[in-house]
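Novice: Got a structure for you, questions after.
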Amino acid sequence: MFPDKAKMVRNANALLLVLAVAPVAYLVVAAPLTFGKGGLARDPSIIPVLFYGFVVVSLVNIGTMVFFQTSKSIMSERGRYDPVGRTYLVMSTGAVLSEAHAIYGLVLTLLSGSIFYTIGFSLVAWACLWWVRDRFKINLGKLPNA
């Protein structure tokens, strides 16, 4: 997949940057749509149900992300012939799972009219991305120098 480690690191940093900036874009989009106006939900009583549902799904995402980042058995066969590609795929999977939190917050914000959902879920997304980045650095240090 990647001919050298340096190219993989550049691609990984670019991906992490894009996924870290995306929640800011969500905030910029949601802010003018929500301040002073109600949300798009016809029945506001659905918002707490959606919130708790998204919290549960977020916890499952975090568990899946932790499993992918820490498991040695994930793509172990690929790690034998392409350890650089495996490291990138593990990192990118965790990063994409992290980004989902911000999208959940955006959906709740647009439906409820409260920007606090986007802010809260974006903080979770950034914390997860930071952790994925740290795990990526650890996994990068384990790669053979080539």
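Ordering of the structure tokens sets the chain letters (A, B, ...), residue numbers begin anew at 1 in every chain, and ligands are numbered from 1 in the order given.
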Could you pull out the residues in range 29-110 of chain A that DSSP calls alpha helix (DSSP H) from the backbone, as a PyMOL selection string?
Specialist: chain A and resi 29-34+46-70+76-81+83-110
Novice: List every residue of range 11-63 of chain A that has an atom at most 6 Å from any atom of range 99-119 of chain A, and for each one report the closest atom pair and its distance in Å to one decimal, counting only C-alpha atoms, with rows sorted by chain and then by increasing residue number, as a tab-separated table.
Specialist:
```
residue	atom	partner	partner_atom	distance
A:Pro23	CA	A:Ala102	CA	5.8
A:Thr34	CA	A:Gly113	CA	4.7
A:Gly38	CA	A:Gly113	CA	4.9
A:Gly39	CA	A:Gly113	CA	3.8
A:Leu40	CA	A:Leu111	CA	4.5
A:Ala41	CA	A:Leu111	CA	4.8
```
Novice: Take the residues that were just selected and, keeping all heavy atoms, output them as a tab-separated table (two decimals), in the first residue's frame.
Specialist:
```tsv
chain	number	residue	atom	x	y	z
A	23	PRO	N	-14.98	18.95	12.85
A	23	PRO	CA	-15.94	19.44	13.86
A	23	PRO	C	-16.04	20.96	13.92
A	23	PRO	O	-17.10	21.50	14.23
A	23	PRO	CB	-15.40	18.87	15.17
A	23	PRO	CG	-14.65	17.65	14.76
A	23	PRO	CD	-14.03	18.00	13.44
A	34	THR	N	-28.82	27.64	14.29
A	34	THR	CA	-29.49	27.31	15.54
A	34	THR	C	-29.73	28.50	16.46
A	34	THR	O	-30.68	28.47	17.24
A	34	THR	CB	-28.68	26.25	16.32
A	34	THR	OG1	-27.38	26.75	16.57
A	34	THR	CG2	-28.62	24.96	15.55
A	38	GLY	N	-35.64	27.55	16.61
A	38	GLY	CA	-35.87	26.19	17.08
A	38	GLY	C	-35.20	25.20	16.16
A	38	GLY	O	-34.71	25.53	15.08
A	39	GLY	N	-35.18	23.97	16.59
A	39	GLY	CA	-34.57	22.93	15.78
A	39	GLY	C	-35.51	22.46	14.68
A	39	GLY	O	-36.65	22.93	14.54
A	40	LEU	N	-35.05	21.51	13.92
A	40	LEU	CA	-35.82	20.99	12.80
A	40	LEU	C	-36.78	19.87	13.19
A	40	LEU	O	-37.59	19.45	12.39
A	40	LEU	CB	-34.87	20.48	11.72
A	40	LEU	CG	-33.92	21.52	11.12
A	40	LEU	CD1	-32.94	20.86	10.18
A	40	LEU	CD2	-34.70	22.61	10.43
A	41	ALA	N	-36.68	19.38	14.42
A	41	ALA	CA	-37.54	18.28	14.85
A	41	ALA	C	-38.98	18.76	15.02
A	41	ALA	O	-39.23	19.79	15.63
A	41	ALA	CB	-37.03	17.70	16.17
```
Novice: Could I get the residues of range 88-143 of chain A with an atom no further than 10 Å from an atom of range 57-77 of chain A, each paired with its nearest atom pair and that distance in Å to one decimal, using only C-alpha atoms, sorted by chain and residue number, as a tab-separated table?
Specialist:
```
residue	atom	partner	partner_atom	distance
A:Leu89	CA	A:Met75	CA	9.1
A:Val90	CA	A:Gln69	CA	6.2
A:Met91	CA	A:Gln69	CA	7.0
A:Ser92	CA	A:Gln69	CA	9.9
A:Thr93	CA	A:Met65	CA	7.6
A:Gly94	CA	A:Met65	CA	5.0
A:Ala95	CA	A:Met65	CA	8.3
A:Val96	CA	A:Met65	CA	9.2
A:Leu97	CA	A:Asn61	CA	6.2
A:Ser98	CA	A:Ile62	CA	7.5
A:Glu99	CA	A:Asn61	CA	9.9
A:Ala100	CA	A:Ser58	CA	8.0
A:His101	CA	A:Ser58	CA	6.3
A:Ala102	CA	A:Ser58	CA	10.0
A:Tyr104	CA	A:Ser58	CA	8.4
A:Phe121	CA	A:Ser58	CA	9.0
A:Val124	CA	A:Ser58	CA	9.1
A:Ala125	CA	A:Ser58	CA	9.6
A:Cys128	CA	A:Ile62	CA	7.7
A:Trp131	CA	A:Val66	CA	9.3
A:Val132	CA	A:Gln69	CA	7.3
A:Arg135	CA	A:Gln69	CA	6.7
A:Phe136	CA	A:Gln69	CA	8.2
A:Asn139	CA	A:Gln69	CA	8.9
```
Novice: Output N, CA, C and O atoms for every residue in that selection, as a JSON list (two decimals), in the first residue's frame.
Specialist:
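So again-v9.json came out as:
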```
[["chain", "number", "residue", "atom", "x", "y", "z"],
["A", 89, "LEU", "N", -3.80, 1.51, 8.28],
["A", 89, "LEU", "CA", -5.20, 1.09, 8.29],
["A", 89, "LEU", "C", -5.80, 1.07, 9.69],
["A", 89, "LEU", "O", -6.95, 1.45, 9.90],
["A", 90, "VAL", "N", -5.02, 0.63, 10.66],
["A", 90, "VAL", "CA", -5.49, 0.62, 12.05],
["A", 90, "VAL", "C", -5.73, 2.05, 12.52],
["A", 90, "VAL", "O", -6.76, 2.36, 13.13],
["A", 91, "MET", "N", -4.79, 2.95, 12.22],
["A", 91, "MET", "CA", -4.95, 4.35, 12.62],
["A", 91, "MET", "C", -6.14, 4.99, 11.92],
["A", 91, "MET", "O", -6.96, 5.67, 12.55],
["A", 92, "SER", "N", -6.28, 4.78, 10.62],
["A", 92, "SER", "CA", -7.36, 5.43, 9.89],
["A", 92, "SER", "C", -8.73, 4.90, 10.33],
["A", 92, "SER", "O", -9.70, 5.67, 10.38],
["A", 93, "THR", "N", -8.82, 3.63, 10.66],
["A", 93, "THR", "CA", -10.08, 3.08, 11.16],
["A", 93, "THR", "C", -10.47, 3.76, 12.47],
["A", 93, "THR", "O", -11.62, 4.16, 12.66],
["A", 94, "GLY", "N", -9.52, 3.89, 13.36],
["A", 94, "GLY", "CA", -9.79, 4.57, 14.63],
["A", 94, "GLY", "C", -10.15, 6.03, 14.45],
["A", 94, "GLY", "O", -11.04, 6.56, 15.12],
["A", 95, "ALA", "N", -9.49, 6.70, 13.51],
["A", 95, "ALA", "CA", -9.76, 8.12, 13.26],
["A", 95, "ALA", "C", -11.17, 8.32, 12.70],
["A", 95, "ALA", "O", -11.88, 9.24, 13.11],
["A", 96, "VAL", "N", -11.58, 7.46, 11.79],
["A", 96, "VAL", "CA", -12.92, 7.58, 11.21],
["A", 96, "VAL", "C", -13.98, 7.28, 12.28],
["A", 96, "VAL", "O", -15.02, 7.95, 12.34],
["A", 97, "LEU", "N", -13.74, 6.28, 13.11],
["A", 97, "LEU", "CA", -14.68, 6.01, 14.21],
["A", 97, "LEU", "C", -14.77, 7.20, 15.16],
["A", 97, "LEU", "O", -15.83, 7.48, 15.72],
["A", 98, "SER", "N", -13.66, 7.89, 15.36],
["A", 98, "SER", "CA", -13.66, 9.07, 16.22],
["A", 98, "SER", "C", -14.51, 10.19, 15.64],
["A", 98, "SER", "O", -15.20, 10.91, 16.36],
["A", 99, "GLU", "N", -14.44, 10.35, 14.33],
["A", 99, "GLU", "CA", -15.16, 11.43, 13.67],
["A", 99, "GLU", "C", -16.67, 11.27, 13.79],
["A", 99, "GLU", "O", -17.41, 12.26, 13.77],
["A", 100, "ALA", "N", -17.14, 10.06, 13.93],
["A", 100, "ALA", "CA", -18.58, 9.82, 14.02],
["A", 100, "ALA", "C", -19.22, 10.58, 15.17],
["A", 100, "ALA", "O", -20.37, 11.02, 15.07],
["A", 101, "HIS", "N", -18.49, 10.77, 16.27],
["A", 101, "HIS", "CA", -19.05, 11.48, 17.43],
["A", 101, "HIS", "C", -19.47, 12.89, 17.06],
["A", 101, "HIS", "O", -20.54, 13.35, 17.47],
["A", 102, "ALA", "N", -18.65, 13.58, 16.29],
["A", 102, "ALA", "CA", -18.98, 14.95, 15.90],
["A", 102, "ALA", "C", -20.24, 14.99, 15.03],
["A", 102, "ALA", "O", -21.04, 15.92, 15.13],
["A", 104, "TYR", "N", -22.73, 12.87, 15.21],
["A", 104, "TYR", "CA", -23.88, 12.68, 16.10],
["A", 104, "TYR", "C", -24.29, 14.00, 16.75],
["A", 104, "TYR", "O", -25.47, 14.32, 16.87],
["A", 121, "PHE", "N", -20.16, 16.69, 21.70],
["A", 121, "PHE", "CA", -19.73, 15.54, 20.91],
["A", 121, "PHE", "C", -18.43, 15.83, 20.16],
["A", 121, "PHE", "O", -17.65, 14.92, 19.91],
["A", 124, "VAL", "N", -15.60, 15.10, 22.48],
["A", 124, "VAL", "CA", -15.36, 13.65, 22.52],
["A", 124, "VAL", "C", -14.59, 13.21, 21.28],
["A", 124, "VAL", "O", -13.64, 12.42, 21.37],
["A", 125, "ALA", "N", -14.97, 13.73, 20.13],
["A", 125, "ALA", "CA", -14.28, 13.37, 18.88],
["A", 125, "ALA", "C", -12.82, 13.78, 18.93],
["A", 125, "ALA", "O", -11.93, 13.00, 18.55],
["A", 128, "CYS", "N", -10.86, 11.49, 21.28],
["A", 128, "CYS", "CA", -10.61, 10.20, 20.64],
["A", 128, "CYS", "C", -9.54, 10.31, 19.56],
["A", 128, "CYS", "O", -8.67, 9.44, 19.44],
["A", 131, "TRP", "N", -6.19, 10.44, 21.17],
["A", 131, "TRP", "CA", -5.76, 9.12, 21.64],
["A", 131, "TRP", "C", -5.32, 8.24, 20.46],
["A", 131, "TRP", "O", -4.32, 7.53, 20.56],
["A", 132, "VAL", "N", -6.04, 8.30, 19.35],
["A", 132, "VAL", "CA", -5.66, 7.53, 18.16],
["A", 132, "VAL", "C", -4.30, 8.00, 17.66],
["A", 132, "VAL", "O", -3.45, 7.18, 17.28],
["A", 135, "ARG", "N", -1.66, 6.49, 19.90],
["A", 135, "ARG", "CA", -1.49, 5.06, 19.59],
["A", 135, "ARG", "C", -0.76, 4.89, 18.26],
["A", 135, "ARG", "O", 0.04, 3.96, 18.10],
["A", 136, "PHE", "N", -1.02, 5.77, 17.31],
["A", 136, "PHE", "CA", -0.33, 5.71, 16.02],
["A", 136, "PHE", "C", 1.17, 5.92, 16.21],
["A", 136, "PHE", "O", 1.99, 5.21, 15.62],
["A", 139, "ASN", "N", 2.56, 2.73, 17.68],
["A", 139, "ASN", "CA", 2.66, 1.69, 16.65],
["A", 139, "ASN", "C", 3.73, 2.01, 15.62],
["A", 139, "ASN", "O", 4.39, 1.12, 15.10]]
```
Novice: Would you mind reading off the distance between CA of Ala14 in chain A and CA of Tyr26 in chain A, one decimal, in Å?
Specialist: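 Pair CA of Ala14 in chain A / CA of Tyr26 in chain A returns 18.7 Å.
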Novice: Would you please work out which residue, of A:Pro32, A:Tyr88, A:Ile138, A:Ala127, is nearest to Arg10 in chain A when using only C-alpha atoms?
Specialist: A:Tyr88
